[in-house]
Amino acid sequence: MAPELDELIKIADRAAAYLEATRLAGFEASEARRFFGRPPTYSAALERDYLKPWPAETAQARYLDRFRKLAGA
């Protein structure tokens with residue numbers, strides 16, 4: 001894998017870990033920064049449409065729907 005792609009993956013992974021820690025796991029922002037670095041920047045639309053936790057049933061249904069589409073089922 002190209003080093004540039006590897007670095008982009010690491011950046012995305014740290015951003016996702018930061019959001020998971022602060023949105024779902026109850027970390028304080030300062031604690032999450034210590035482990036994962038600076039918080040990611042994102043638009044208000046992304047915040048509104050994608051960064052609010054879903055109920056388990058919604059997440060499961062959306063996951064399965066997407067899986068079926070990608071698997072060609």
# chains A, B, ... in the order shown; residues from 1 in each chain; ligands from 1

$ select_by_dssp --residues "chain A" --states "alpha helix (DSSP H)" --output "ChimeraX atom specification"
/A:3-23,29-36,44-50,56-71

$ write_last_selection --atoms "C-alpha atoms" --output "mmCIF file, in the first residue's frame"
data_model
loop_
_atom_site.group_PDB
_atom_site.id
_atom_site.type_symbol
_atom_site.label_atom_id
_atom_site.label_comp_id
_atom_site.auth_asym_id
_atom_site.auth_seq_id
_atom_site.Cartn_x
_atom_site.Cartn_y
_atom_site.Cartn_z
ATOM 1 C CA PRO A 3 2.541 5.374 2.293
ATOM 2 C CA GLU A 4 0.132 8.256 1.557
ATOM 3 C CA LEU A 5 -2.848 5.907 1.629
ATOM 4 C CA ASP A 6 -1.592 4.269 4.801
ATOM 5 C CA GLU A 7 -1.370 7.700 6.474
ATOM 6 C CA LEU A 8 -4.908 8.653 5.348
ATOM 7 C CA ILE A 9 -6.249 5.419 6.812
ATOM 8 C CA LYS A 10 -4.508 6.142 10.118
ATOM 9 C CA ILE A 11 -5.938 9.674 10.213
ATOM 10 C CA ALA A 12 -9.468 8.384 9.522
ATOM 11 C CA ASP A 13 -9.086 5.649 12.131
ATOM 12 C CA ARG A 14 -7.958 8.116 14.813
ATOM 13 C CA ALA A 15 -10.837 10.476 13.949
ATOM 14 C CA ALA A 16 -13.357 7.627 14.196
ATOM 15 C CA ALA A 17 -11.841 6.480 17.502
ATOM 16 C CA TYR A 18 -12.066 10.021 18.893
ATOM 17 C CA LEU A 19 -15.740 10.304 17.942
ATOM 18 C CA GLU A 20 -16.571 6.857 19.285
ATOM 19 C CA ALA A 21 -14.824 7.660 22.557
ATOM 20 C CA THR A 22 -16.560 11.008 23.058
ATOM 21 C CA ARG A 23 -19.979 10.171 21.586
ATOM 22 C CA ALA A 29 -12.669 15.605 25.187
ATOM 23 C CA SER A 30 -9.332 16.095 26.957
ATOM 24 C CA GLU A 31 -9.027 12.374 27.637
ATOM 25 C CA ALA A 32 -9.876 11.486 24.031
ATOM 26 C CA ARG A 33 -7.302 14.001 22.743
ATOM 27 C CA ARG A 34 -4.657 12.337 24.885
ATOM 28 C CA PHE A 35 -5.329 8.955 23.280
ATOM 29 C CA PHE A 36 -6.399 9.865 19.735
ATOM 30 C CA ALA A 44 -22.766 20.815 10.288
ATOM 31 C CA ALA A 45 -24.516 18.573 7.739
ATOM 32 C CA LEU A 46 -22.284 15.642 8.664
ATOM 33 C CA GLU A 47 -22.982 16.283 12.330
ATOM 34 C CA ARG A 48 -26.734 16.436 11.710
ATOM 35 C CA ASP A 49 -26.991 13.470 9.347
ATOM 36 C CA TYR A 50 -24.370 10.983 10.521
ATOM 37 C CA ALA A 56 -29.553 -0.651 17.972
ATOM 38 C CA GLU A 57 -32.470 -1.725 15.783
ATOM 39 C CA THR A 58 -31.850 1.118 13.324
ATOM 40 C CA ALA A 59 -28.121 0.411 13.161
ATOM 41 C CA GLN A 60 -28.730 -3.285 12.553
ATOM 42 C CA ALA A 61 -31.293 -2.656 9.815
ATOM 43 C CA ARG A 62 -29.078 -0.105 8.041
ATOM 44 C CA TYR A 63 -26.033 -2.354 8.306
ATOM 45 C CA LEU A 64 -27.881 -5.363 6.880
ATOM 46 C CA ASP A 65 -29.409 -3.267 4.091
ATOM 47 C CA ARG A 66 -26.004 -1.918 3.081
ATOM 48 C CA PHE A 67 -24.406 -5.378 3.334
ATOM 49 C CA ARG A 68 -27.044 -6.858 1.043
ATOM 50 C CA LYS A 69 -26.531 -4.083 -1.507
ATOM 51 C CA LEU A 70 -22.754 -4.504 -1.479
ATOM 52 C CA ALA A 71 -22.980 -8.297 -1.601
#

$ atom_distance --atom1 "CA of Leu51 in chain A" --atom2 "CA of Glu28 in chain A"
16.8 Å
